[in-house]
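Have a look at start-v3.pdb; it's PDB, C-alpha atoms:
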MODEL        1
ATOM      1  CA  GLY X 190       2.156 -17.943   2.540  1.00  0.00           C
ATOM      2  CA  ASN X 191       2.480 -14.745   0.563  1.00  0.00           C
ATOM      3  CA  SER X 192       5.383 -12.332   0.870  1.00  0.00           C
ATOM      4  CA  VAL X 193       7.371  -9.752  -1.053  1.00  0.00           C
ATOM      5  CA  THR X 194      11.095  -9.107  -0.803  1.00  0.00           C
ATOM      6  CA  GLN X 195      12.726  -6.087  -2.365  1.00  0.00           C
ATOM      7  CA  MET X 196      16.232  -4.772  -2.350  1.00  0.00           C
ATOM      8  CA  GLU X 197      17.244  -2.566   0.522  1.00  0.00           C
ATOM      9  CA  GLY X 198      18.094   1.031  -0.070  1.00  0.00           C
ATOM     10  CA  PRO X 199      18.864   3.703  -0.271  1.00  0.00           C
ATOM     11  CA  VAL X 200      19.810   3.641  -3.915  1.00  0.00           C
ATOM     12  CA  THR X 201      21.700   6.735  -5.041  1.00  0.00           C
ATOM     13  CA  LEU X 202      22.081   7.469  -8.740  1.00  0.00           C
ATOM     14  CA  SER X 203      23.108  10.353 -10.918  1.00  0.00           C
ATOM     15  CA  GLU X 204      20.555  11.876 -13.256  1.00  0.00           C
ATOM     16  CA  GLU X 205      20.146   9.887 -16.510  1.00  0.00           C
ATOM     17  CA  ALA X 206      21.522   6.700 -14.959  1.00  0.00           C
ATOM     18  CA  PHE X 207      19.807   3.325 -15.424  1.00  0.00           C
ATOM     19  CA  LEU X 208      17.661   2.114 -12.537  1.00  0.00           C
ATOM     20  CA  THR X 209      16.873  -1.405 -11.392  1.00  0.00           C
ATOM     21  CA  ILE X 210      15.088  -2.196  -8.141  1.00  0.00           C
ATOM     22  CA  ASN X 211      14.785  -5.904  -7.527  1.00  0.00           C
ATOM     23  CA  CYS X 212      11.588  -7.504  -6.256  1.00  0.00           C
ATOM     24  CA  THR X 213      10.838 -11.176  -5.699  1.00  0.00           C
ATOM     25  CA  TYR X 214       7.701 -12.710  -4.310  1.00  0.00           C
ATOM     26  CA  THR X 215       6.269 -15.856  -2.776  1.00  0.00           C
ATOM     27  CA  ALA X 216       2.626 -16.581  -3.451  1.00  0.00           C
ATOM     28  CA  THR X 217       0.069 -19.304  -3.835  1.00  0.00           C
ATOM     29  CA  GLY X 218      -2.071 -19.254  -6.923  1.00  0.00           C
ATOM     30  CA  TYR X 219      -1.835 -16.400  -9.399  1.00  0.00           C
ATOM     31  CA  PRO X 220      -1.333 -13.051  -7.725  1.00  0.00           C
ATOM     32  CA  SER X 221      -1.327  -9.608  -9.303  1.00  0.00           C
ATOM     33  CA  LEU X 222       1.847  -7.549  -8.921  1.00  0.00           C
ATOM     34  CA  PHE X 223       2.295  -3.827  -8.415  1.00  0.00           C
ATOM     35  CA  TRP X 224       4.817  -1.087  -7.974  1.00  0.00           C
ATOM     36  CA  TYR X 225       3.762   1.895  -5.864  1.00  0.00           C
ATOM     37  CA  VAL X 226       5.652   5.146  -5.363  1.00  0.00           C
ATOM     38  CA  GLN X 227       5.578   7.343  -2.267  1.00  0.00           C
ATOM     39  CA  TYR X 228       6.775  10.925  -2.391  1.00  0.00           C
ATOM     40  CA  PRO X 229       7.736  12.645   0.877  1.00  0.00           C
ATOM     41  CA  GLY X 230       4.754  13.348   3.107  1.00  0.00           C
ATOM     42  CA  GLU X 231       2.270  11.699   0.767  1.00  0.00           C
ATOM     43  CA  GLY X 232       0.333   8.481   0.435  1.00  0.00           C
ATOM     44  CA  LEU X 233       1.198   5.756  -2.048  1.00  0.00           C
ATOM     45  CA  GLN X 234       0.402   6.086  -5.741  1.00  0.00           C
ATOM     46  CA  LEU X 235       0.145   3.230  -8.175  1.00  0.00           C
ATOM     47  CA  LEU X 236       3.057   3.333 -10.604  1.00  0.00           C
ATOM     48  CA  LEU X 237       2.373   0.215 -12.650  1.00  0.00           C
ATOM     49  CA  LYS X 238       0.844  -3.230 -12.435  1.00  0.00           C
ATOM     50  CA  ALA X 239       0.764  -6.653 -14.068  1.00  0.00           C
ATOM     51  CA  THR X 240      -1.994  -9.159 -13.555  1.00  0.00           C
ATOM     52  CA  LYS X 241      -0.620 -12.338 -15.152  1.00  0.00           C
ATOM     53  CA  ALA X 242       2.622 -14.026 -16.082  1.00  0.00           C
ATOM     54  CA  ASP X 243       4.699 -12.324 -18.812  1.00  0.00           C
ATOM     55  CA  ASP X 244       2.642  -9.125 -18.600  1.00  0.00           C
ATOM     56  CA  LYS X 245       4.717  -5.968 -18.715  1.00  0.00           C
ATOM     57  CA  GLY X 246       3.522  -2.990 -16.763  1.00  0.00           C
ATOM     58  CA  SER X 247       4.766   0.442 -17.774  1.00  0.00           C
ATOM     59  CA  ASN X 248       4.227   4.064 -16.816  1.00  0.00           C
ATOM     60  CA  LYS X 249       6.261   7.281 -16.920  1.00  0.00           C
ATOM     61  CA  GLY X 250       9.271   5.445 -18.371  1.00  0.00           C
ATOM     62  CA  PHE X 251       9.236   2.768 -15.673  1.00  0.00           C
ATOM     63  CA  GLU X 252       8.741  -0.878 -16.622  1.00  0.00           C
ATOM     64  CA  ALA X 253       8.408  -4.210 -14.841  1.00  0.00           C
ATOM     65  CA  THR X 254       7.719  -7.692 -16.218  1.00  0.00           C
ATOM     66  CA  TYR X 255       5.850 -10.389 -14.294  1.00  0.00           C
ATOM     67  CA  ARG X 256       8.219 -13.366 -14.362  1.00  0.00           C
ATOM     68  CA  LYS X 257       6.551 -16.434 -12.942  1.00  0.00           C
ATOM     69  CA  GLU X 258       9.548 -18.718 -13.541  1.00  0.00           C
ATOM     70  CA  THR X 259      11.791 -16.545 -11.366  1.00  0.00           C
ATOM     71  CA  THR X 260       8.965 -15.149  -9.165  1.00  0.00           C
ATOM     72  CA  SER X 261      10.242 -11.663  -9.856  1.00  0.00           C
ATOM     73  CA  PHE X 262       8.898  -8.227 -10.792  1.00  0.00           C
ATOM     74  CA  HIS X 263      11.951  -5.974 -11.070  1.00  0.00           C
ATOM     75  CA  LEU X 264      11.428  -2.257 -11.664  1.00  0.00           C
ATOM     76  CA  GLU X 265      13.546  -0.588 -14.362  1.00  0.00           C
ATOM     77  CA  LYS X 266      13.938   2.839 -15.888  1.00  0.00           C
ATOM     78  CA  GLY X 267      16.392   3.745 -18.579  1.00  0.00           C
ATOM     79  CA  SER X 268      17.156   7.303 -17.504  1.00  0.00           C
ATOM     80  CA  VAL X 269      16.175   8.570 -14.062  1.00  0.00           C
ATOM     81  CA  GLN X 270      15.445  12.188 -13.204  1.00  0.00           C
ATOM     82  CA  VAL X 271      15.782  14.104  -9.955  1.00  0.00           C
ATOM     83  CA  SER X 272      11.984  14.128  -9.760  1.00  0.00           C
ATOM     84  CA  ASP X 273      12.013  10.310  -9.513  1.00  0.00           C
ATOM     85  CA  SER X 274      13.476  10.555  -6.006  1.00  0.00           C
ATOM     86  CA  ALA X 275      10.964   8.741  -3.786  1.00  0.00           C
ATOM     87  CA  VAL X 276      10.340   5.464  -1.994  1.00  0.00           C
ATOM     88  CA  TYR X 277       9.251   2.567  -4.212  1.00  0.00           C
ATOM     89  CA  PHE X 278       7.199  -0.362  -2.941  1.00  0.00           C
ATOM     90  CA  CYS X 279       6.667  -3.683  -4.625  1.00  0.00           C
ATOM     91  CA  ALA X 280       3.369  -5.355  -3.729  1.00  0.00           C
ATOM     92  CA  LEU X 281       1.203  -8.315  -4.559  1.00  0.00           C
ATOM     93  CA  ARG X 282      -2.527  -8.932  -4.343  1.00  0.00           C
ATOM     94  CA  ASN X 283      -3.479 -12.513  -3.639  1.00  0.00           C
ATOM     95  CA  ALA X 284      -5.518 -14.675  -5.962  1.00  0.00           C
ATOM     96  CA  ASN X 285      -8.658 -14.107  -3.863  1.00  0.00           C
ATOM     97  CA  PHE X 286      -8.366 -10.345  -4.445  1.00  0.00           C
ATOM     98  CA  ASN X 287      -8.729  -9.585  -0.756  1.00  0.00           C
ATOM     99  CA  LYS X 288      -5.234  -9.183   0.697  1.00  0.00           C
ATOM    100  CA  PHE X 289      -2.220  -7.112  -0.235  1.00  0.00           C
ATOM    101  CA  TYR X 290       1.403  -7.714   0.732  1.00  0.00           C
ATOM    102  CA  PHE X 291       4.055  -5.043   0.460  1.00  0.00           C
ATOM    103  CA  GLY X 292       7.823  -5.104   0.395  1.00  0.00           C
ATOM    104  CA  SER X 293       9.789  -2.973   2.819  1.00  0.00           C
ATOM    105  CA  GLY X 294      10.329  -0.177   0.304  1.00  0.00           C
ATOM    106  CA  THR X 295      13.418   1.105  -1.502  1.00  0.00           C
ATOM    107  CA  LYS X 296      14.398   4.736  -1.233  1.00  0.00           C
ATOM    108  CA  LEU X 297      15.769   6.223  -4.441  1.00  0.00           C
ATOM    109  CA  ASN X 298      17.879   9.374  -4.410  1.00  0.00           C
ATOM    110  CA  VAL X 299      18.705  10.910  -7.763  1.00  0.00           C
ATOM    111  CA  LYS X 300      21.413  13.571  -7.795  1.00  0.00           C
ATOM    112  CA  PRO X 301      21.685  16.252 -10.484  1.00  0.00           C
TER     113      PRO X 301
ATOM    114  CA  GLU F  11     -12.605  14.792  -7.680  1.00  0.00           C
ATOM    115  CA  ALA F  12     -11.804  11.252  -6.520  1.00  0.00           C
ATOM    116  CA  GLN F  13     -10.742  11.379  -2.910  1.00  0.00           C
ATOM    117  CA  VAL F  14      -9.785   9.268   0.067  1.00  0.00           C
ATOM    118  CA  THR F  15      -9.930  11.366   3.212  1.00  0.00           C
ATOM    119  CA  GLN F  16      -8.415  10.505   6.578  1.00  0.00           C
ATOM    120  CA  ASN F  17      -8.863  12.343   9.858  1.00  0.00           C
ATOM    121  CA  PRO F  18      -7.021  13.320  11.851  1.00  0.00           C
ATOM    122  CA  ARG F  19      -3.762  13.653   9.952  1.00  0.00           C
ATOM    123  CA  TYR F  20      -1.683  13.856  13.122  1.00  0.00           C
ATOM    124  CA  LEU F  21      -2.517  12.627  16.599  1.00  0.00           C
ATOM    125  CA  ILE F  22      -0.660  12.435  19.883  1.00  0.00           C
ATOM    126  CA  THR F  23      -2.388  10.453  22.597  1.00  0.00           C
ATOM    127  CA  VAL F  24      -1.665   8.505  25.780  1.00  0.00           C
ATOM    128  CA  THR F  25      -1.744   4.818  26.500  1.00  0.00           C
ATOM    129  CA  GLY F  26      -5.237   3.456  26.995  1.00  0.00           C
ATOM    130  CA  LYS F  27      -7.226   6.391  25.652  1.00  0.00           C
ATOM    131  CA  LYS F  28      -9.608   5.136  22.987  1.00  0.00           C
ATOM    132  CA  LEU F  29      -9.330   6.767  19.597  1.00  0.00           C
ATOM    133  CA  THR F  30     -10.849   6.517  16.134  1.00  0.00           C
ATOM    134  CA  VAL F  31      -9.259   7.369  12.819  1.00  0.00           C
ATOM    135  CA  THR F  32     -11.812   7.995  10.110  1.00  0.00           C
ATOM    136  CA  CYS F  33     -11.549   7.117   6.437  1.00  0.00           C
ATOM    137  CA  SER F  34     -13.997   8.248   3.808  1.00  0.00           C
ATOM    138  CA  GLN F  35     -14.099   7.771   0.024  1.00  0.00           C
ATOM    139  CA  ASN F  36     -16.267   9.229  -2.726  1.00  0.00           C
ATOM    140  CA  MET F  37     -15.553   6.664  -5.458  1.00  0.00           C
ATOM    141  CA  ASN F  38     -18.226   4.086  -4.575  1.00  0.00           C
ATOM    142  CA  HIS F  39     -15.536   1.456  -4.023  1.00  0.00           C
ATOM    143  CA  GLU F  40     -16.505  -1.824  -2.415  1.00  0.00           C
ATOM    144  CA  TYR F  41     -13.033  -2.601  -1.101  1.00  0.00           C
ATOM    145  CA  MET F  42     -11.447  -0.643   1.727  1.00  0.00           C
ATOM    146  CA  SER F  43      -8.399  -1.434   3.784  1.00  0.00           C
ATOM    147  CA  TRP F  44      -6.178  -0.138   6.576  1.00  0.00           C
ATOM    148  CA  TYR F  45      -2.384  -0.387   6.669  1.00  0.00           C
ATOM    149  CA  ARG F  46       0.336   0.648   9.011  1.00  0.00           C
ATOM    150  CA  GLN F  47       3.736   1.723   7.772  1.00  0.00           C
ATOM    151  CA  ASP F  48       6.801   1.235   9.926  1.00  0.00           C
ATOM    152  CA  PRO F  49      10.467   1.803   9.012  1.00  0.00           C
ATOM    153  CA  GLY F  50      12.040  -1.257   7.430  1.00  0.00           C
ATOM    154  CA  LEU F  51       8.743  -3.163   7.410  1.00  0.00           C
ATOM    155  CA  GLY F  52       6.899  -1.519   4.554  1.00  0.00           C
ATOM    156  CA  LEU F  53       3.116  -1.521   4.759  1.00  0.00           C
ATOM    157  CA  ARG F  54       1.280  -4.209   6.654  1.00  0.00           C
ATOM    158  CA  GLN F  55      -2.419  -4.795   6.275  1.00  0.00           C
ATOM    159  CA  ILE F  56      -4.464  -4.435   9.462  1.00  0.00           C
ATOM    160  CA  TYR F  57      -8.047  -5.048   8.329  1.00  0.00           C
ATOM    161  CA  TYR F  58      -9.946  -4.980   5.083  1.00  0.00           C
ATOM    162  CA  SER F  59     -13.535  -4.872   3.961  1.00  0.00           C
ATOM    163  CA  MET F  60     -14.952  -6.341   0.763  1.00  0.00           C
ATOM    164  CA  ASN F  61     -18.260  -4.501   1.162  1.00  0.00           C
ATOM    165  CA  VAL F  62     -20.727  -3.108   3.717  1.00  0.00           C
ATOM    166  CA  GLU F  63     -20.854  -5.272   6.850  1.00  0.00           C
ATOM    167  CA  VAL F  64     -18.085  -7.535   5.481  1.00  0.00           C
ATOM    168  CA  THR F  65     -14.744  -7.140   7.253  1.00  0.00           C
ATOM    169  CA  ASP F  66     -11.799  -9.444   7.853  1.00  0.00           C
ATOM    170  CA  LYS F  67      -8.372  -9.488   9.432  1.00  0.00           C
ATOM    171  CA  GLY F  68      -5.188  -8.654   7.636  1.00  0.00           C
ATOM    172  CA  ASP F  69      -1.744  -9.598   8.869  1.00  0.00           C
ATOM    173  CA  VAL F  70      -1.578  -7.389  11.978  1.00  0.00           C
ATOM    174  CA  PRO F  71      -5.102  -6.984  13.426  1.00  0.00           C
ATOM    175  CA  GLU F  72      -4.238  -7.221  17.141  1.00  0.00           C
ATOM    176  CA  GLY F  73      -5.293  -4.130  19.070  1.00  0.00           C
ATOM    177  CA  TYR F  74      -7.492  -2.743  16.291  1.00  0.00           C
ATOM    178  CA  LYS F  75     -11.167  -2.844  15.376  1.00  0.00           C
ATOM    179  CA  VAL F  76     -13.022  -1.712  12.296  1.00  0.00           C
ATOM    180  CA  SER F  77     -16.604  -1.343  11.139  1.00  0.00           C
ATOM    181  CA  ARG F  78     -18.222  -0.873   7.752  1.00  0.00           C
ATOM    182  CA  LYS F  79     -21.771   0.354   8.218  1.00  0.00           C
ATOM    183  CA  GLU F  80     -21.782   2.480   5.077  1.00  0.00           C
ATOM    184  CA  LYS F  81     -19.985   1.990   1.801  1.00  0.00           C
ATOM    185  CA  ARG F  82     -18.075   5.265   1.955  1.00  0.00           C
ATOM    186  CA  ASN F  83     -16.705   5.030   5.519  1.00  0.00           C
ATOM    187  CA  PHE F  84     -14.287   2.623   7.175  1.00  0.00           C
ATOM    188  CA  PRO F  85     -13.136   3.847  10.601  1.00  0.00           C
ATOM    189  CA  LEU F  86     -10.182   2.320  12.426  1.00  0.00           C
ATOM    190  CA  ILE F  87     -10.669   2.031  16.182  1.00  0.00           C
ATOM    191  CA  LEU F  88      -7.961   1.623  18.794  1.00  0.00           C
ATOM    192  CA  GLU F  89      -9.812   0.673  21.987  1.00  0.00           C
ATOM    193  CA  SER F  90      -6.758   0.871  24.247  1.00  0.00           C
ATOM    194  CA  PRO F  91      -3.761   2.244  22.341  1.00  0.00           C
ATOM    195  CA  SER F  92      -0.265   1.203  23.337  1.00  0.00           C
ATOM    196  CA  PRO F  93       3.127   2.684  22.376  1.00  0.00           C
ATOM    197  CA  ASN F  94       3.764  -0.137  19.887  1.00  0.00           C
ATOM    198  CA  GLN F  95       0.861   1.236  17.848  1.00  0.00           C
ATOM    199  CA  THR F  96       2.816   4.404  17.165  1.00  0.00           C
ATOM    200  CA  SER F  97       2.956   4.382  13.383  1.00  0.00           C
ATOM    201  CA  LEU F  98       1.865   5.940  10.111  1.00  0.00           C
ATOM    202  CA  TYR F  99      -1.561   4.667   9.082  1.00  0.00           C
ATOM    203  CA  PHE F 100      -2.997   4.577   5.577  1.00  0.00           C
ATOM    204  CA  CYS F 101      -6.495   3.890   4.389  1.00  0.00           C
ATOM    205  CA  ALA F 102      -6.905   2.556   0.857  1.00  0.00           C
ATOM    206  CA  THR F 103      -9.897   1.841  -1.362  1.00  0.00           C
ATOM    207  CA  GLY F 104     -10.545   0.008  -4.596  1.00  0.00           C
ATOM    208  CA  PHE F 105     -12.863  -2.256  -6.515  1.00  0.00           C
ATOM    209  CA  ALA F 106     -13.403  -5.757  -5.221  1.00  0.00           C
ATOM    210  CA  SER F 107     -13.343  -7.464  -8.594  1.00  0.00           C
ATOM    211  CA  GLY F 108     -10.167  -8.651 -10.241  1.00  0.00           C
ATOM    212  CA  ARG F 109     -10.620  -6.461 -13.291  1.00  0.00           C
ATOM    213  CA  GLN F 110      -9.939  -3.245 -11.431  1.00  0.00           C
ATOM    214  CA  GLU F 111      -6.794  -3.719  -9.441  1.00  0.00           C
ATOM    215  CA  THR F 112      -5.877  -0.212  -8.429  1.00  0.00           C
ATOM    216  CA  GLN F 113      -5.888   0.869  -4.805  1.00  0.00           C
ATOM    217  CA  TYR F 114      -6.219   4.553  -3.975  1.00  0.00           C
ATOM    218  CA  PHE F 115      -4.454   5.622  -0.809  1.00  0.00           C
ATOM    219  CA  GLY F 116      -5.361   8.339   1.633  1.00  0.00           C
ATOM    220  CA  PRO F 117      -2.773  10.911   2.773  1.00  0.00           C
ATOM    221  CA  GLY F 118      -1.933   9.063   5.981  1.00  0.00           C
ATOM    222  CA  THR F 119      -2.415   9.584   9.726  1.00  0.00           C
ATOM    223  CA  ARG F 120       0.648   9.851  11.906  1.00  0.00           C
ATOM    224  CA  LEU F 121      -0.078   8.527  15.403  1.00  0.00           C
ATOM    225  CA  LEU F 122       2.119   8.832  18.458  1.00  0.00           C
ATOM    226  CA  VAL F 123       1.090   6.924  21.587  1.00  0.00           C
ATOM    227  CA  LEU F 124       2.880   8.024  24.743  1.00  0.00           C
TER     228      LEU F 124
ENDMDL
END
Could you express the structure from this file as structure tokens?
Amino acid sequence: GNSVTQMEGPVTLSEEAFLTINCTYTATGYPSLFWYVQYPGEGLQLLLKATKADDKGSNKGFEATYRKETTSFHLEKGSVQVSDSAVYFCALRNANFNKFYFGSGTKLNVKP
Amino acid sequence: EAQVTQNPRYLITVTGKKLTVTCSQNMNHEYMSWYRQDPGLGLRQIYYSMNVEVTDKGDVPEGYKVSRKEKRNFPLILESPSPNQTSLYFCATGFASGRQETQYFGPGTRLLVL
């Protein structure tokens, strides 16, 4: 079956620190992979995506590379800001484009 | 402005009292979906719809019903709510084809079943 596993939080960093949030997946076929961000009291927003192996998604300084050989899609940012504090969800869409699977979410706290 | 609207945003109800949470979108999306978000479990898909009159179960459909009579609306129905359905619910919409992968999420509905 399909599933997503991401590192548990919370993750607490100082401003300008390097961020990695690990995400691994199990899937049949060729899924698409996503990172979503949720700010307090809001719905989820798409942060970045990758639709095939070796694709790199990027947005707002965040990056993630679709690694089929390690079934991973780790989120990275070189220098985090206080405004990046949020919950981050890794997700996959199955090859039939009809179902989505989300990880449990990782809360990021960035301190000034 | 592109919007996904959910109503109500907050609801407190009692066990067994039927309720409906509405979801409406103005983006002409074929795909619509409902999720519930619970601490430590992330989002889990309840039902989805690929187009009008086409609905199917997600991972956690028990205790829920949906309908898709019009493209813009996708209501979530709890015929007999129970306390284990206390959760934060999100509606999401998107295109059904693989070329447009983005889902747009509504603001959420927080439900408490006593």
Report the closest atom pair, with its distance in Å rounded to one decimal, for each residue of chain X that has an atom no farther than 9 Å from chain F; count only C-alpha atoms, sort by chain and then rising residue number, and write it as JSON lines.
{"residue": "X:Glu197", "atom": "CA", "partner": "F:Gly50", "partner_atom": "CA", "distance": 8.7}
{"residue": "X:Ser221", "atom": "CA", "partner": "F:Glu111", "partner_atom": "CA", "distance": 8.0}
{"residue": "X:Phe223", "atom": "CA", "partner": "F:Thr112", "partner_atom": "CA", "distance": 8.9}
{"residue": "X:Gly230", "atom": "CA", "partner": "F:Pro117", "partner_atom": "CA", "distance": 7.9}
{"residue": "X:Glu231", "atom": "CA", "partner": "F:Pro117", "partner_atom": "CA", "distance": 5.5}
{"residue": "X:Gly232", "atom": "CA", "partner": "F:Pro117", "partner_atom": "CA", "distance": 4.6}
{"residue": "X:Leu233", "atom": "CA", "partner": "F:Phe115", "partner_atom": "CA", "distance": 5.8}
{"residue": "X:Gln234", "atom": "CA", "partner": "F:Phe115", "partner_atom": "CA", "distance": 6.9}
{"residue": "X:Leu235", "atom": "CA", "partner": "F:Thr112", "partner_atom": "CA", "distance": 6.9}
{"residue": "X:Lys238", "atom": "CA", "partner": "F:Glu111", "partner_atom": "CA", "distance": 8.2}
{"residue": "X:Thr240", "atom": "CA", "partner": "F:Glu111", "partner_atom": "CA", "distance": 8.3}
{"residue": "X:Phe278", "atom": "CA", "partner": "F:Gly52", "partner_atom": "CA", "distance": 7.6}
{"residue": "X:Arg282", "atom": "CA", "partner": "F:Glu111", "partner_atom": "CA", "distance": 8.4}
{"residue": "X:Ala284", "atom": "CA", "partner": "F:Gly108", "partner_atom": "CA", "distance": 8.7}
{"residue": "X:Asn285", "atom": "CA", "partner": "F:Gly108", "partner_atom": "CA", "distance": 8.5}
{"residue": "X:Phe286", "atom": "CA", "partner": "F:Gly108", "partner_atom": "CA", "distance": 6.3}
{"residue": "X:Asn287", "atom": "CA", "partner": "F:Met60", "partner_atom": "CA", "distance": 7.2}
{"residue": "X:Lys288", "atom": "CA", "partner": "F:Gly68", "partner_atom": "CA", "distance": 7.0}
{"residue": "X:Phe289", "atom": "CA", "partner": "F:Gln55", "partner_atom": "CA", "distance": 6.9}
{"residue": "X:Tyr290", "atom": "CA", "partner": "F:Arg54", "partner_atom": "CA", "distance": 6.9}
{"residue": "X:Phe291", "atom": "CA", "partner": "F:Leu53", "partner_atom": "CA", "distance": 5.6}
{"residue": "X:Gly292", "atom": "CA", "partner": "F:Gly52", "partner_atom": "CA", "distance": 5.6}
{"residue": "X:Ser293", "atom": "CA", "partner": "F:Gly52", "partner_atom": "CA", "distance": 3.7}
{"residue": "X:Gly294", "atom": "CA", "partner": "F:Gly52", "partner_atom": "CA", "distance": 5.6}
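Remark: for Gln16 (chain F), the closest of the candidate residues F:Asn38, F:Thr65, F:Thr96, F:Thr103 is F:Thr103 (distances computed over all atoms listed in the file).
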Any chance you could resolve the PyMOL selection byres ((chain F and resi 90) around 6) against this file and give the residues as a PyMOL selection string?
-> chain F and resi 26-28+88-89+91
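The result of the PyMOL selection byres ((chain F and resi 32) around 9) on the shown file is Thr15, Gln16, Asn17, Pro18, Thr30, Val31, Cys33, Ser34, Asn83, Phe84, Pro85, Leu86, Ile87 and Cys101 of chain F.
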Could you turn the residues from that selection into a file that holds C-alpha atoms, as a short mmCIF file (atom, residue, chain, number, x, y, z; two decimals), keeping the file's coordinate frame?
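Done, and the output landed in out.cif:
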data_model
loop_
_atom_site.label_atom_id
_atom_site.label_comp_id
_atom_site.auth_asym_id
_atom_site.auth_seq_id
_atom_site.Cartn_x
_atom_site.Cartn_y
_atom_site.Cartn_z
CA THR F 15 -9.93 11.37 3.21
CA GLN F 16 -8.41 10.50 6.58
CA ASN F 17 -8.86 12.34 9.86
CA PRO F 18 -7.02 13.32 11.85
CA THR F 30 -10.85 6.52 16.13
CA VAL F 31 -9.26 7.37 12.82
CA CYS F 33 -11.55 7.12 6.44
CA SER F 34 -14.00 8.25 3.81
CA ASN F 83 -16.70 5.03 5.52
CA PHE F 84 -14.29 2.62 7.18
CA PRO F 85 -13.14 3.85 10.60
CA LEU F 86 -10.18 2.32 12.43
CA ILE F 87 -10.67 2.03 16.18
CA CYS F 101 -6.50 3.89 4.39
#
Answer key for the PyMOL selection byres ((chain F and resi 80) around 10), residues as an MDAnalysis selection string = chainID F and resid 34 61:63 77:79 81:84
Pull C-alpha atoms from the residues just selected and write them as a PDB file, keeping the file's coordinate frame.
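Final file, out32.pdb:
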ATOM      1  CA  SER F  34     -13.997   8.248   3.808  1.00  0.00           C
ATOM      2  CA  ASN F  61     -18.260  -4.501   1.162  1.00  0.00           C
ATOM      3  CA  VAL F  62     -20.727  -3.108   3.717  1.00  0.00           C
ATOM      4  CA  GLU F  63     -20.854  -5.272   6.850  1.00  0.00           C
ATOM      5  CA  SER F  77     -16.604  -1.343  11.139  1.00  0.00           C
ATOM      6  CA  ARG F  78     -18.222  -0.873   7.752  1.00  0.00           C
ATOM      7  CA  LYS F  79     -21.771   0.354   8.218  1.00  0.00           C
ATOM      8  CA  LYS F  81     -19.985   1.990   1.801  1.00  0.00           C
ATOM      9  CA  ARG F  82     -18.075   5.265   1.955  1.00  0.00           C
ATOM     10  CA  ASN F  83     -16.705   5.030   5.519  1.00  0.00           C
ATOM     11  CA  PHE F  84     -14.287   2.623   7.175  1.00  0.00           C
TER      12      PHE F  84
END
Report the distance between CA of Asp243 (chain X) and CA of Thr215 (chain X) in Å, rounded to one decimal place.
-> 16.5 Å
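Taking CA of Tyr228 (chain X) as the reference point, CA of Val76 (chain F) is found at 27.7 Å.
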Separation of CA of Thr217 (chain X) from CA of Glu258 (chain X), in Å and rounded to one decimal = 13.6 Å
Can you sort out the box for region 224-242 of chain X, edges along x, y and z, all listed atoms in, 3 Å on every side, with centre and edge lengths in Å to one decimal, as AutoDock Vina command-line options?
--center_x 2.9 --center_y -0.3 --center_z -6.5 --size_x 15.7 --size_y 33.4 --size_z 25.2
One residue among X:Lys249, X:Lys241, X:Arg256, X:Lys296 is nearest to Val276 (chain X) when using only C-alpha atoms, and that residue is X:Lys296
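Considering all atoms listed in the file, the residue among X:Gly218, X:Ala242, X:Tyr255, X:Gly250 positioned nearest to Val269 (chain X) is X:Gly250.
For the set X:Tyr219, X:Asn298, X:Glu265, X:Ser274, the residue with the smallest atom-to-atom gap to Phe207 (chain X) is X:Glu265, counting only C-alpha atoms.
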Out of F:Leu29, F:Arg19, F:Met37, F:Glu11, which residue has the shortest atom-to-atom distance to Gln95 (chain F) when counting only C-alpha atoms?
-> F:Leu29
